[in-house]
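Novice: Below is final_29.txt; it holds compact mmCIF, C-alpha atoms and all ligand atoms.
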# COMPACT_ATOMS: atom_id res chain seq x y z
CA MET A 1 64.72 41.35 8.92
CA ILE A 2 60.95 41.29 9.56
CA GLU A 3 59.12 44.56 10.25
CA ILE A 4 55.37 44.27 10.64
CA THR A 5 53.84 47.66 11.43
CA ASN A 6 50.24 48.29 12.45
CA VAL A 7 48.99 45.41 10.33
CA THR A 8 45.34 44.51 10.17
CA LYS A 9 43.97 41.91 7.78
CA ARG A 10 40.27 41.52 7.13
CA TYR A 11 38.55 38.84 5.08
CA GLY A 12 35.31 40.67 4.30
CA THR A 13 34.03 41.60 7.73
CA LYS A 14 36.15 38.97 9.50
CA ILE A 15 39.24 40.39 11.23
CA ALA A 16 42.00 37.78 11.05
CA VAL A 17 44.90 39.97 12.24
CA GLN A 18 44.47 43.14 14.25
CA GLY A 19 46.96 45.96 14.85
CA LEU A 20 49.97 43.66 14.68
CA ASN A 21 53.41 45.15 15.38
CA LEU A 22 56.35 42.78 15.29
CA ASN A 23 60.06 43.15 14.53
CA VAL A 24 62.33 40.13 14.17
CA PRO A 25 66.05 40.85 13.72
CA ALA A 26 68.40 38.93 11.42
CA GLY A 27 69.65 35.66 12.86
CA GLU A 28 66.82 35.25 15.34
CA LEU A 29 64.86 32.04 15.69
CA PHE A 30 61.36 33.29 16.39
CA ALA A 31 58.49 30.97 17.31
CA PHE A 32 55.00 32.14 16.45
CA LEU A 33 52.32 30.46 18.53
CA GLY A 34 48.59 30.70 18.77
CA PRO A 35 45.44 28.62 19.02
CA ASN A 36 43.64 27.44 15.90
CA GLY A 37 42.34 30.39 13.92
CA ALA A 38 44.60 32.89 15.72
CA GLY A 39 45.87 34.42 12.48
CA LYS A 40 49.28 32.74 12.17
CA THR A 41 48.87 31.50 8.59
CA THR A 42 47.39 34.84 7.55
CA THR A 43 50.45 36.60 8.98
CA ILE A 44 52.81 34.18 7.23
CA LYS A 45 51.02 34.69 3.92
CA MET A 46 51.44 38.45 4.34
CA LEU A 47 55.16 37.95 5.01
CA CYS A 48 55.48 35.98 1.78
CA GLY A 49 53.41 38.42 -0.26
CA LEU A 50 50.67 35.85 -0.88
CA LEU A 51 48.22 38.21 0.85
CA PHE A 52 48.41 41.95 1.43
CA PRO A 53 47.42 43.70 4.66
CA THR A 54 44.17 45.63 4.70
CA GLU A 55 46.06 48.23 6.76
CA GLY A 56 49.71 48.65 7.72
CA THR A 57 52.97 47.52 6.16
CA VAL A 58 55.08 44.38 6.05
CA LYS A 59 58.78 44.62 5.25
CA VAL A 60 61.32 41.85 4.79
CA GLY A 61 64.99 42.77 4.63
CA GLY A 62 63.95 46.42 4.35
CA TYR A 63 61.75 45.76 1.29
CA ASP A 64 58.05 46.49 1.41
CA VAL A 65 56.46 43.15 0.52
CA ARG A 66 53.72 44.91 -1.42
CA ALA A 67 55.67 47.60 -3.30
CA GLN A 68 58.98 45.71 -3.69
CA GLY A 69 57.66 42.16 -3.73
CA ASP A 70 60.26 40.70 -6.09
CA ASP A 71 63.14 41.97 -3.95
CA ALA A 72 61.50 40.75 -0.74
CA ARG A 73 60.59 37.31 -2.10
CA ARG A 74 64.15 36.66 -3.26
CA LEU A 75 65.15 36.67 0.43
CA ILE A 76 62.44 34.29 1.60
CA SER A 77 61.81 30.57 1.69
CA TYR A 78 58.51 29.28 2.96
CA VAL A 79 57.93 25.66 3.95
CA PRO A 80 54.17 25.23 4.40
CA ASP A 81 52.65 22.61 6.66
CA MET A 82 51.51 20.60 3.63
CA PRO A 83 54.58 20.88 1.40
CA PHE A 84 54.11 20.55 -2.32
CA LEU A 85 56.31 18.47 -4.59
CA TYR A 86 55.83 17.74 -8.27
CA GLU A 87 55.13 14.01 -8.15
CA LYS A 88 56.51 13.31 -11.62
CA LEU A 89 59.86 14.93 -10.90
CA THR A 90 62.73 13.31 -9.06
CA GLY A 91 64.08 15.05 -5.98
CA ARG A 92 67.11 16.20 -7.99
CA GLU A 93 64.89 17.60 -10.76
CA PHE A 94 62.84 19.42 -8.13
CA LEU A 95 66.01 20.97 -6.71
CA GLN A 96 67.13 22.00 -10.21
CA PHE A 97 63.69 23.49 -10.87
CA THR A 98 63.97 25.50 -7.65
CA CYS A 99 67.45 26.78 -8.62
CA ASP A 100 66.04 27.85 -12.01
CA LEU A 101 63.12 29.65 -10.34
CA TYR A 102 65.59 31.72 -8.35
CA GLY A 103 67.70 32.42 -11.45
CA MET A 104 70.83 30.75 -10.06
CA ASP A 105 73.66 30.27 -12.54
CA LYS A 106 74.67 26.70 -13.42
CA ALA A 107 77.82 26.53 -11.30
CA ARG A 108 76.17 27.90 -8.16
CA ALA A 109 73.12 25.68 -8.70
CA ALA A 110 75.34 22.59 -8.99
CA ASP A 111 77.35 23.50 -5.86
CA GLN A 112 74.29 24.31 -3.80
CA THR A 113 72.39 21.22 -4.97
CA ALA A 114 75.31 19.00 -3.96
CA ARG A 115 75.48 20.77 -0.59
CA VAL A 116 71.81 20.31 0.29
CA ILE A 117 71.78 16.69 -0.92
CA GLU A 118 74.59 16.03 1.54
CA THR A 119 73.08 18.08 4.38
CA PHE A 120 69.71 16.36 4.16
CA HIS A 121 71.07 12.88 3.35
CA LEU A 122 69.07 12.65 0.14
CA ASP A 123 71.57 10.52 -1.84
CA ASP A 124 69.69 7.25 -1.49
CA PHE A 125 66.47 8.53 -3.09
CA VAL A 126 67.17 11.87 -4.79
CA ASP A 127 66.94 10.26 -8.26
CA ASP A 128 63.59 8.55 -7.56
CA LEU A 129 60.27 10.15 -8.45
CA THR A 130 58.99 12.12 -5.45
CA GLU A 131 55.63 10.29 -5.66
CA ARG A 132 57.40 7.34 -4.02
CA TYR A 133 58.71 9.32 -1.06
CA SER A 134 57.64 8.81 2.55
CA HIS A 135 56.53 11.86 4.55
CA GLY A 136 59.98 12.26 6.08
CA MET A 137 61.71 11.99 2.69
CA ARG A 138 59.32 14.62 1.29
CA GLN A 139 59.97 16.93 4.21
CA ARG A 140 63.75 16.62 3.84
CA THR A 141 63.48 17.29 0.10
CA VAL A 142 61.28 20.34 0.71
CA PHE A 143 63.74 21.75 3.25
CA ALA A 144 66.60 21.08 0.84
CA ALA A 145 64.73 23.04 -1.85
CA ALA A 146 63.93 25.79 0.65
CA LEU A 147 67.60 26.28 1.48
CA VAL A 148 69.18 25.66 -1.94
CA HIS A 149 69.10 29.37 -2.84
CA GLU A 150 70.44 30.45 0.59
CA PRO A 151 67.46 32.51 1.80
CA ARG A 152 67.86 35.19 4.48
CA LEU A 153 64.45 34.38 5.98
CA LEU A 154 63.21 30.83 6.42
CA ILE A 155 59.54 30.49 7.35
CA ALA A 156 58.42 27.05 8.46
CA ASP A 157 54.85 26.12 9.33
CA GLU A 158 54.61 23.06 11.63
CA PRO A 159 57.80 21.52 10.23
CA THR A 160 58.06 18.63 12.69
CA VAL A 161 54.58 17.15 12.28
CA GLY A 162 54.74 13.55 11.11
CA LEU A 163 58.51 13.23 11.42
CA ASP A 164 60.20 10.46 13.39
CA PRO A 165 62.30 11.37 16.46
CA LYS A 166 65.62 11.22 14.60
CA SER A 167 64.33 13.48 11.82
CA ILE A 168 62.92 15.90 14.41
CA ARG A 169 66.29 16.06 16.13
CA GLU A 170 68.05 16.69 12.80
CA LEU A 171 65.56 19.40 11.89
CA LYS A 172 65.96 21.13 15.24
CA VAL A 173 69.74 21.15 14.82
CA LEU A 174 69.36 22.48 11.29
CA LEU A 175 67.02 25.31 12.31
CA ARG A 176 69.40 26.41 15.07
CA GLN A 177 72.38 26.20 12.70
CA GLN A 178 70.52 28.34 10.19
CA ALA A 179 69.82 30.99 12.82
CA GLU A 180 73.42 30.91 14.01
CA SER A 181 74.62 31.46 10.44
CA GLY A 182 72.53 34.66 10.29
CA VAL A 183 69.34 33.35 8.67
CA THR A 184 66.17 34.56 10.36
CA VAL A 185 63.96 31.58 11.18
CA PHE A 186 60.24 32.18 11.66
CA LEU A 187 58.67 29.04 13.03
CA SER A 188 54.93 28.61 13.40
CA THR A 189 54.04 25.68 15.59
CA HIS A 190 51.65 24.15 18.09
CA THR A 191 54.49 22.03 19.51
CA LEU A 192 55.29 24.14 22.54
CA ASP A 193 58.22 22.12 23.86
CA ILE A 194 60.03 22.58 20.54
CA ALA A 195 59.33 26.32 20.62
CA GLN A 196 60.59 26.53 24.20
CA GLU A 197 63.72 24.55 23.40
CA LEU A 198 64.65 26.30 20.15
CA ALA A 199 63.37 29.83 20.06
CA ASP A 200 65.25 32.99 20.97
CA ARG A 201 61.90 34.74 21.31
CA ILE A 202 58.30 33.63 21.19
CA GLY A 203 55.21 35.51 20.06
CA ILE A 204 51.73 34.47 21.17
CA LEU A 205 48.88 35.44 18.89
CA ASP A 206 45.18 34.98 19.65
CA HIS A 207 42.17 36.33 17.80
CA GLY A 208 44.58 38.20 15.54
CA ARG A 209 46.25 40.10 18.40
CA LEU A 210 49.74 39.70 19.78
CA LEU A 211 49.20 38.91 23.44
CA GLY A 212 52.79 38.35 24.44
CA CYS A 213 56.22 38.48 22.85
CA GLY A 214 59.70 37.92 24.20
CA THR A 215 62.08 35.41 25.72
CA MET A 216 60.85 32.78 28.16
CA THR A 217 61.98 35.14 30.94
CA ASP A 218 59.90 37.97 29.46
CA LEU A 219 56.84 35.74 29.12
CA ARG A 220 57.24 34.42 32.68
CA ARG A 221 57.38 38.00 33.91
CA GLN A 222 54.32 38.92 31.88
CA ALA A 223 52.36 35.90 33.11
CA ALA A 224 53.67 36.43 36.65
CA MET A 225 54.46 32.75 36.99
CA ASN A 226 57.31 30.30 36.61
CA GLY A 227 56.40 27.47 34.37
CA SER A 228 56.79 25.76 31.05
CA LEU A 229 55.84 27.49 27.83
CA GLU A 230 52.66 25.41 27.89
CA ASP A 231 51.73 26.87 31.31
CA LEU A 232 52.51 30.41 30.11
CA PHE A 233 50.68 29.97 26.82
CA LEU A 234 47.52 28.74 28.55
CA LYS A 235 47.64 31.49 31.16
CA ILE A 236 48.30 34.29 28.67
CA THR A 237 45.64 33.15 26.20
CA GLU A 238 43.06 32.51 28.95
CA GLU A 239 43.68 35.91 30.54
CA ALA A 240 43.66 37.71 27.24
CA VAL A 241 40.04 38.64 27.01
CA ALA A 242 39.79 42.40 26.58
CA GLU A 243 43.51 42.92 27.16
CA PRO A 244 45.18 45.41 24.77
CA PRO A 245 47.67 43.98 22.26
CA VAL A 246 51.38 44.17 23.03
CA LYS A 247 53.56 46.50 20.89
CA VAL A 248 56.97 45.13 19.97
N1 LIG A 301 40.31 32.99 2.98
C1 LIG A 301 39.67 33.25 4.12
N2 LIG A 301 38.43 33.80 4.10
C2 LIG A 301 37.79 34.10 5.25
N3 LIG A 301 38.28 33.88 6.49
C3 LIG A 301 39.50 33.32 6.55
C4 LIG A 301 40.26 32.98 5.38
N4 LIG A 301 41.44 32.46 5.78
C5 LIG A 301 41.42 32.47 7.13
N5 LIG A 301 40.26 32.98 7.58
C6 LIG A 301 39.88 33.19 9.00
O1 LIG A 301 40.86 34.04 9.58
C7 LIG A 301 41.15 33.61 10.90
C8 LIG A 301 42.64 33.32 11.03
O2 LIG A 301 42.94 32.17 10.24
P1 LIG A 301 44.44 31.60 10.08
O3 LIG A 301 44.37 30.49 9.08
O4 LIG A 301 45.36 32.72 9.80
O5 LIG A 301 44.69 31.02 11.54
P2 LIG A 301 45.87 30.07 12.10
O6 LIG A 301 46.38 30.72 13.34
O7 LIG A 301 46.86 29.79 11.03
O8 LIG A 301 45.08 28.77 12.48
P3 LIG A 301 45.54 27.20 12.55
O9 LIG A 301 46.47 27.07 13.71
O10 LIG A 301 44.24 26.51 12.79
O11 LIG A 301 46.16 26.86 11.23
C9 LIG A 301 40.26 32.39 11.18
O12 LIG A 301 39.12 32.83 11.85
C10 LIG A 301 39.92 31.89 9.79
O13 LIG A 301 38.64 31.29 9.77
Since I need it in another form, could you write the structure as structure tokens?

Specialist:
Amino acid sequence: MIEITNVTKRYGTKIAVQGLNLNVPAGELFAFLGPNGAGKTTTIKMLCGLLFPTEGTVKVGGYDVRAQGDDARRLISYVPDMPFLYEKLTGREFLQFTCDLYGMDKARAADQTARVIETFHLDDFVDDLTERYSHGMRQRTVFAAALVHEPRLLIADEPTVGLDPKSIRELKVLLRQQAESGVTVFLSTHTLDIAQELADRIGILDHGRLLGCGTMTDLRRQAAMNGSLEDLFLKITEEAVAEPPVKV
């Protein structure tokens, strides 16, 4: 579903992503980790077509994000770490607006809107203006909007930050269910225990280079140690200096 091939992204002389190769198959829950400034957001923006690589290609669902952007974007939903809602719309109006953006016909939009309102337990507040929502209510509404058009690739940047334990549990269940239903989930996070618990595979990026990528077993083998993802992450990033990037 995701094919990133030899991608480098420069901002002027600054190299944010360097020689990145990464394939993520359909239905995988992939966690993308890295210290601050590693290049995660830059990579995500290239996946969504918000930025283009300086070198290399990014494909989603077989579509080149640059040359066939409309086709690629139809498959994608992106939930950024600071989700945006139109404050003067109600949650329901925001969902309708999202359905319109994706060109959904009225019947499908109505069915899908009802489905996500139920899934995310929005009934109690979906007809209130979103400016009155708490962080958790906003996050649930944003995820509902992200899934209302049934994307094939769901990209979520730090989705659990600021949520209470029950909402985190619900979100974790939802992300796994999405992956099991065939949706590719690309999760960028600093919360390593969530990545360890949820992800099929984990990629570790630092200074724009992919230092490690695989299952927990693969990463333990690479780091030559048994430990938590936190232990592996610290070892791999600390040992990374001057190591060549991993090709996946
Ligand atoms: N618009 C920009 N212009 C110049 N440099 C940028 C720009 N955006 C990002 N960078 C730089 O590119 C590098 C990668 O940034 P990016 O935001 O992709 O990292 P990140 O892994 O998402 O970090 P964080 O975890 O802190 O959000 C950083 O050194 C950052 O300063």

Novice: Go ahead and compute the interatomic distance for atom CA of A:Met225 and atom CA of A:Lys40, in Å to one decimal.

Specialist: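 If I compute the distance from atom CA of A:Met225 to atom CA of A:Lys40, I get 25.4 Å.
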
Novice: I'd like a table as a Markdown table: residues in chain A with an atom no more than 7 Å from ligand LIG 301 (chain A), each row giving the shortest atom pair and its distance in Å to one decimal, all atoms listed in the file counted, sorted by chain and rising residue number.

Specialist:
| residue | atom | partner | partner_atom | distance |
| --- | --- | --- | --- | --- |
| A:Tyr11 | CA | A:LIG301 | C2 | 4.8 |
| A:Lys14 | CA | A:LIG301 | N3 | 6.3 |
| A:Ile15 | CA | A:LIG301 | O1 | 6.8 |
| A:Ala16 | CA | A:LIG301 | O1 | 4.2 |
| A:Gly34 | CA | A:LIG301 | O6 | 5.9 |
| A:Pro35 | CA | A:LIG301 | O9 | 5.6 |
| A:Asn36 | CA | A:LIG301 | O10 | 3.3 |
| A:Gly37 | CA | A:LIG301 | O5 | 3.4 |
| A:Ala38 | CA | A:LIG301 | O6 | 3.7 |
| A:Gly39 | CA | A:LIG301 | O4 | 3.2 |
| A:Lys40 | CA | A:LIG301 | O6 | 3.7 |
| A:Thr41 | CA | A:LIG301 | O7 | 3.6 |
| A:Thr42 | CA | A:LIG301 | O4 | 3.7 |
| A:Thr43 | CA | A:LIG301 | O4 | 6.5 |
| A:Gly208 | CA | A:LIG301 | C8 | 6.9 |

Novice: Give the answer as one residue: which of A:Ile44, A:Val185, A:Val65, A:Leu51 has the shortest atom-to-atom distance to A:Ala31, using all atoms listed in the file?

Specialist: A:Val185

Novice: Please measure the separation of atom CA of A:Glu238 and atom CA of A:Phe32, giving the value in Å to one decimal.

Specialist: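 Going from atom CA of A:Glu238 over to atom CA of A:Phe32 covers 17.3 Å.
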
Novice: To one decimal place in Å, what is the distance between atom CA of A:Pro165 and atom CA of A:Thr217?

Specialist: 27.8 Å

Novice: Which polymer residues, protein or nucleic acid, are no farther than 12 Å from (67.4, 36.6, -5.3), counting only C-alpha atoms, as a list in words?

Specialist: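 Every residue inside that radius is included here: Gly61, Gly69, Asp70, Asp71, Ala72, Arg73, Arg74, Leu75, Ile76, Ser77, Thr98, Cys99, Asp100, Leu101, Tyr102, Gly103, Met104, Asp105, Val148, His149, Glu150, Pro151, Arg152 and Leu153 of chain A.
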
Novice: So that I can see what lies close to A:Asp218, please list as a list in words the residues with an atom at most 12 Å from it, counting all atoms listed in the file and leaving out residues fewer than 2 positions away in the same chain.

Specialist: Asp200, Arg201, Ile202, Gly203, Gly212, Cys213, Gly214, Thr215, Met216, Arg220, Arg221, Gln222, Ala223, Ala224, Met225, Asn226, Leu229 and Leu232 of chain A

Novice: Please produce a file of the residues just selected, as a CSV table (one decimal), in the frame of the given file, where the atoms kept are C-alpha atoms.

Specialist:
chain,number,residue,atom,x,y,z
A,200,ASP,CA,65.2,33.0,21.0
A,201,ARG,CA,61.9,34.7,21.3
A,202,ILE,CA,58.3,33.6,21.2
A,203,GLY,CA,55.2,35.5,20.1
A,212,GLY,CA,52.8,38.4,24.4
A,213,CYS,CA,56.2,38.5,22.8
A,214,GLY,CA,59.7,37.9,24.2
A,215,THR,CA,62.1,35.4,25.7
A,216,MET,CA,60.8,32.8,28.2
A,220,ARG,CA,57.2,34.4,32.7
A,221,ARG,CA,57.4,38.0,33.9
A,222,GLN,CA,54.3,38.9,31.9
A,223,ALA,CA,52.4,35.9,33.1
A,224,ALA,CA,53.7,36.4,36.6
A,225,MET,CA,54.5,32.8,37.0
A,226,ASN,CA,57.3,30.3,36.6
A,229,LEU,CA,55.8,27.5,27.8
A,232,LEU,CA,52.5,30.4,30.1

Novice: Nearest to A:Val7 among A:Arg209, A:Thr130, A:Glu230, A:Arg176, with distances taken over all atoms listed in the file: which residue is it?

Specialist: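 Once distances to A:Val7 are computed over all atoms listed in the file, the minimum belongs to A:Arg209.
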
Novice: Between A:Ala110, A:Leu129, A:Leu33, A:Ile117, which is the closest to A:Ile194 once you count only C-alpha atoms?

Specialist: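 Between A:Ala110, A:Leu129, A:Leu33, A:Ile117, the residue approaching A:Ile194 most closely is A:Leu33.
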
Novice: Give the answer as one residue: which of A:Ile236, A:Val126, A:Ala179, A:Ile168 has the shortest atom-to-atom distance to A:Pro25, using all atoms listed in the file?

Specialist: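 Comparing A:Ile236, A:Val126, A:Ala179, A:Ile168 against A:Pro25, the winner is A:Ala179.
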